[in-house]
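Shown next, in structure tokens, is the structure this report addresses.
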Amino acid sequence: MIKAIIIRNEKILLGKRNGTYQGKWCIPCGYVEWGEDVYDAVKRELLEETGLIIEPLDVYTVLSNFHNEEQHTVGIWFMAKEGGGELLVGDDLKEVRFFSFDDLPELAFPTDRVVLKRLKEDKLIC
């Protein structure tokens, strides 16, 4: 699973999920397709889910995901900068918004909470 960390004014972009984990929020994410580079995948997924064109920067962290007992996945969280597009809902999301750490909604994935806490500790979000 690949995820892009988009920060504006010290707030993080989250998406409210449709389908699996419906109604809960997450850092926008998706899967890498066979033969696809992870950097290309994160750009594609963010465009599909949020309407934003992004440029992935450094890998922020890599964590094992244990929220699905049927499938173990590894998450790669990229720091990314916006490069255009318009913030729109698409694909697996029904809402997208920027949140401060103190105003976080109910999250779909425990590892996102780990990443958000680290972003706060690193003073990247308020």
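In the structure tokens, chains take letters A, B, ... by order of appearance, with residues numbered from 1 within each chain and ligands from 1 in the order shown.
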**OP:** Write out as a ChimeraX atom specification each polymer residue whose atoms come within 12 Å of Asp112 in chain A, counting only C-alpha atoms; drop sequence neighbours fewer than 4 positions from it.
**Re:** /A:1-5,12-15,24-29,61-67,75-77,101,104-108,116-119
**OP:** Can you list, as a PyMOL selection string, all residues belonging to chain A that DSSP tags as alpha helix (DSSP H)?
**Re:** chain A and resi 38-50+110-121
Subject >> Nearest candidate to Val38 in chain A (options A:Gly85, A:Gly51, A:Gly19, A:Pro56; using only C-alpha atoms) >> reply: A:Pro56
**OP:** Find, counting only C-alpha atoms, the residue in A:Leu93, A:Ile6, A:Ile53, A:Val32 that gets nearest to Phe78 in chain A.
**Re:** A:Ile6
Subject >> Residues of range 13-95 of chain A in strand (DSSP E or B), written as a VMD selection string >> reply: chain A and resid 13 to 17 25 to 26 29 to 30 52 to 65 73 to 85 93 to 95
Could you turn the residues from that selection into a file that holds N, CA and C atoms, as an mmCIF file, in the first residue's frame?
data_model
loop_
_atom_site.group_PDB
_atom_site.id
_atom_site.type_symbol
_atom_site.label_atom_id
_atom_site.label_comp_id
_atom_site.auth_asym_id
_atom_site.auth_seq_id
_atom_site.Cartn_x
_atom_site.Cartn_y
_atom_site.Cartn_z
ATOM 1 N N LEU A 13 -3.844 16.221 4.671
ATOM 2 C CA LEU A 13 -4.974 15.812 3.840
ATOM 3 C C LEU A 13 -5.390 14.390 4.206
ATOM 4 N N LEU A 14 -6.666 14.230 4.517
ATOM 5 C CA LEU A 14 -7.247 12.911 4.776
ATOM 6 C C LEU A 14 -8.456 12.718 3.877
ATOM 7 N N GLY A 15 -8.768 11.455 3.606
ATOM 8 C CA GLY A 15 -9.939 11.119 2.813
ATOM 9 C C GLY A 15 -10.893 10.238 3.604
ATOM 10 N N LYS A 16 -12.183 10.539 3.478
ATOM 11 C CA LYS A 16 -13.223 9.722 4.123
ATOM 12 C C LYS A 16 -13.567 8.584 3.172
ATOM 13 N N ARG A 17 -13.410 7.376 3.664
ATOM 14 C CA ARG A 17 -13.505 6.198 2.816
ATOM 15 C C ARG A 17 -14.941 5.837 2.436
ATOM 16 N N TRP A 25 -11.651 7.682 8.139
ATOM 17 C CA TRP A 25 -10.716 8.510 7.378
ATOM 18 C C TRP A 25 -9.324 7.892 7.312
ATOM 19 N N CYS A 26 -8.568 8.269 6.280
ATOM 20 C CA CYS A 26 -7.201 7.769 6.135
ATOM 21 C C CYS A 26 -6.368 8.758 5.324
ATOM 22 N N CYS A 29 -4.589 6.649 -0.130
ATOM 23 C CA CYS A 29 -3.727 5.497 -0.384
ATOM 24 C C CYS A 29 -4.253 4.641 -1.532
ATOM 25 N N GLY A 30 -3.454 3.658 -1.877
ATOM 26 C CA GLY A 30 -3.847 2.699 -2.901
ATOM 27 C C GLY A 30 -2.781 1.636 -3.035
ATOM 28 N N LEU A 52 -5.585 15.644 -7.182
ATOM 29 C CA LEU A 52 -4.339 16.405 -7.077
ATOM 30 C C LEU A 52 -3.208 15.744 -7.855
ATOM 31 N N ILE A 53 -2.456 16.570 -8.539
ATOM 32 C CA ILE A 53 -1.216 16.128 -9.170
ATOM 33 C C ILE A 53 -0.126 16.357 -8.135
ATOM 34 N N ILE A 54 0.620 15.317 -7.833
ATOM 35 C CA ILE A 54 1.647 15.437 -6.795
ATOM 36 C C ILE A 54 3.013 15.031 -7.322
ATOM 37 N N GLU A 55 4.011 15.467 -6.594
ATOM 38 C CA GLU A 55 5.377 15.031 -6.824
ATOM 39 C C GLU A 55 5.846 14.343 -5.558
ATOM 40 N N PRO A 56 6.023 13.002 -5.587
ATOM 41 C CA PRO A 56 6.527 12.322 -4.398
ATOM 42 C C PRO A 56 7.964 12.753 -4.117
ATOM 43 N N LEU A 57 8.231 13.010 -2.855
ATOM 44 C CA LEU A 57 9.571 13.399 -2.430
ATOM 45 C C LEU A 57 10.222 12.191 -1.774
ATOM 46 N N ASP A 58 10.658 12.327 -0.559
ATOM 47 C CA ASP A 58 11.292 11.220 0.155
ATOM 48 C C ASP A 58 10.262 10.279 0.764
ATOM 49 N N VAL A 59 10.696 9.054 0.997
ATOM 50 C CA VAL A 59 9.885 8.119 1.779
ATOM 51 C C VAL A 59 9.948 8.599 3.226
ATOM 52 N N TYR A 60 8.787 8.832 3.826
ATOM 53 C CA TYR A 60 8.741 9.303 5.215
ATOM 54 C C TYR A 60 8.904 8.126 6.172
ATOM 55 N N THR A 61 8.182 7.042 5.884
ATOM 56 C CA THR A 61 8.313 5.844 6.715
ATOM 57 C C THR A 61 7.745 4.643 5.964
ATOM 58 N N VAL A 62 8.112 3.471 6.444
ATOM 59 C CA VAL A 62 7.585 2.204 5.946
ATOM 60 C C VAL A 62 7.168 1.396 7.169
ATOM 61 N N LEU A 63 5.924 0.906 7.159
ATOM 62 C CA LEU A 63 5.406 0.150 8.303
ATOM 63 C C LEU A 63 4.627 -1.076 7.834
ATOM 64 N N SER A 64 4.621 -2.106 8.660
ATOM 65 C CA SER A 64 3.752 -3.261 8.416
ATOM 66 C C SER A 64 2.340 -2.913 8.866
ATOM 67 N N ASN A 65 1.359 -3.340 8.073
ATOM 68 C CA ASN A 65 -0.059 -3.141 8.407
ATOM 69 C C ASN A 65 -0.642 -4.460 8.896
ATOM 70 N N THR A 73 -0.052 -6.424 4.679
ATOM 71 C CA THR A 73 0.478 -5.479 3.704
ATOM 72 C C THR A 73 1.555 -4.628 4.352
ATOM 73 N N VAL A 74 2.354 -4.041 3.502
ATOM 74 C CA VAL A 74 3.368 -3.103 3.933
ATOM 75 C C VAL A 74 2.974 -1.746 3.371
ATOM 76 N N GLY A 75 3.003 -0.730 4.211
ATOM 77 C CA GLY A 75 2.677 0.625 3.775
ATOM 78 C C GLY A 75 3.927 1.447 3.586
ATOM 79 N N ILE A 76 3.923 2.234 2.513
ATOM 80 C CA ILE A 76 5.003 3.191 2.254
ATOM 81 C C ILE A 76 4.363 4.569 2.238
ATOM 82 N N TRP A 77 4.774 5.428 3.175
ATOM 83 C CA TRP A 77 4.255 6.792 3.258
ATOM 84 C C TRP A 77 5.293 7.726 2.648
ATOM 85 N N PHE A 78 4.893 8.415 1.579
ATOM 86 C CA PHE A 78 5.760 9.376 0.907
ATOM 87 C C PHE A 78 5.409 10.796 1.331
ATOM 88 N N MET A 79 6.407 11.613 1.575
ATOM 89 C CA MET A 79 6.175 13.045 1.639
ATOM 90 C C MET A 79 5.967 13.464 0.189
ATOM 91 N N ALA A 80 5.024 14.363 -0.034
ATOM 92 C CA ALA A 80 4.738 14.780 -1.409
ATOM 93 C C ALA A 80 4.363 16.248 -1.438
ATOM 94 N N LYS A 81 4.615 16.871 -2.576
ATOM 95 C CA LYS A 81 4.202 18.263 -2.740
ATOM 96 C C LYS A 81 3.180 18.326 -3.869
ATOM 97 N N GLU A 82 2.271 19.268 -3.712
ATOM 98 C CA GLU A 82 1.249 19.462 -4.734
ATOM 99 C C GLU A 82 1.870 20.103 -5.959
ATOM 100 N N GLY A 83 1.392 19.656 -7.126
ATOM 101 C CA GLY A 83 1.907 20.202 -8.374
ATOM 102 C C GLY A 83 0.808 20.653 -9.306
ATOM 103 N N GLY A 84 -0.419 20.685 -8.795
ATOM 104 C CA GLY A 84 -1.537 21.108 -9.631
ATOM 105 C C GLY A 84 -2.766 20.265 -9.369
ATOM 106 N N GLY A 85 -3.712 20.400 -10.265
ATOM 107 C CA GLY A 85 -4.973 19.694 -10.100
ATOM 108 C C GLY A 85 -5.918 20.470 -9.202
ATOM 109 N N LEU A 93 -13.087 7.364 -2.171
ATOM 110 C CA LEU A 93 -13.345 8.342 -1.118
ATOM 111 C C LEU A 93 -14.672 9.059 -1.351
ATOM 112 N N LYS A 94 -15.276 9.523 -0.258
ATOM 113 C CA LYS A 94 -16.491 10.331 -0.429
ATOM 114 C C LYS A 94 -16.331 11.748 0.096
ATOM 115 N N GLU A 95 -15.172 12.044 0.671
ATOM 116 C CA GLU A 95 -14.872 13.403 1.125
ATOM 117 C C GLU A 95 -13.368 13.516 1.320
#
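Around Lys120 in chain A, within 12 Å and counting only C-alpha atoms, the residues found are A:Ile7, A:Glu10, A:Lys11, A:Ile12, A:Phe99, A:Ser100, A:Phe101, A:Asp102, A:Leu104, A:Arg113, A:Val114, A:Val115, A:Leu116, A:Lys117, A:Arg118, A:Asp122, A:Lys123, A:Leu124, A:Ile125, A:Cys126, once anything fewer than 2 positions away on its own chain is removed.
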Export of the given selection (N, CA and C atoms) as a compact mmCIF listing (two decimals), in the first residue's frame:
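The new file again-v6.txt reads:
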# COMPACT_ATOMS: atom_id res chain seq x y z
N ILE A 7 0.62 18.15 3.01
CA ILE A 7 0.45 19.08 4.12
C ILE A 7 0.27 20.49 3.55
N GLU A 10 0.30 23.40 7.77
CA GLU A 10 0.51 22.52 8.92
C GLU A 10 -0.67 21.59 9.19
N LYS A 11 -1.52 21.37 8.19
CA LYS A 11 -2.63 20.42 8.30
C LYS A 11 -2.44 19.33 7.25
N ILE A 12 -2.94 18.13 7.55
CA ILE A 12 -2.75 16.97 6.68
C ILE A 12 -4.02 16.64 5.91
N PHE A 99 -6.84 18.40 7.98
CA PHE A 99 -7.09 18.35 9.42
C PHE A 99 -5.84 18.71 10.20
N SER A 100 -6.04 19.35 11.34
CA SER A 100 -4.95 19.51 12.30
C SER A 100 -4.92 18.25 13.16
N PHE A 101 -3.81 18.02 13.83
CA PHE A 101 -3.67 16.82 14.65
C PHE A 101 -4.71 16.78 15.77
N ASP A 102 -5.01 17.92 16.34
CA ASP A 102 -5.96 17.97 17.46
C ASP A 102 -7.41 17.82 17.03
N LEU A 104 -8.42 15.45 14.54
CA LEU A 104 -8.47 14.27 13.67
C LEU A 104 -9.80 13.52 13.82
N ARG A 113 -2.44 6.44 12.33
CA ARG A 113 -2.32 7.16 13.61
C ARG A 113 -0.84 7.23 14.02
N VAL A 114 -0.09 6.16 13.82
CA VAL A 114 1.35 6.15 14.14
C VAL A 114 2.06 7.23 13.32
N VAL A 115 1.75 7.29 12.04
CA VAL A 115 2.39 8.26 11.15
C VAL A 115 1.99 9.68 11.54
N LEU A 116 0.72 9.90 11.82
CA LEU A 116 0.25 11.23 12.20
C LEU A 116 0.90 11.71 13.50
N LYS A 117 1.06 10.80 14.44
CA LYS A 117 1.73 11.15 15.70
C LYS A 117 3.18 11.56 15.44
N ARG A 118 3.84 10.83 14.57
CA ARG A 118 5.23 11.15 14.23
C ARG A 118 5.32 12.50 13.51
N ASP A 122 7.45 15.61 14.76
CA ASP A 122 8.44 16.23 13.89
C ASP A 122 8.07 17.68 13.53
N LYS A 123 6.96 18.16 14.11
CA LYS A 123 6.48 19.53 13.91
C LYS A 123 6.15 19.83 12.45
N LEU A 124 5.65 18.81 11.74
CA LEU A 124 5.24 18.99 10.35
C LEU A 124 3.74 19.30 10.25
N ILE A 125 2.98 18.89 11.27
CA ILE A 125 1.57 19.25 11.38
C ILE A 125 1.33 19.82 12.77
N CYS A 126 0.28 20.63 12.88
CA CYS A 126 0.03 21.25 14.19
C CYS A 126 -1.10 20.52 14.91
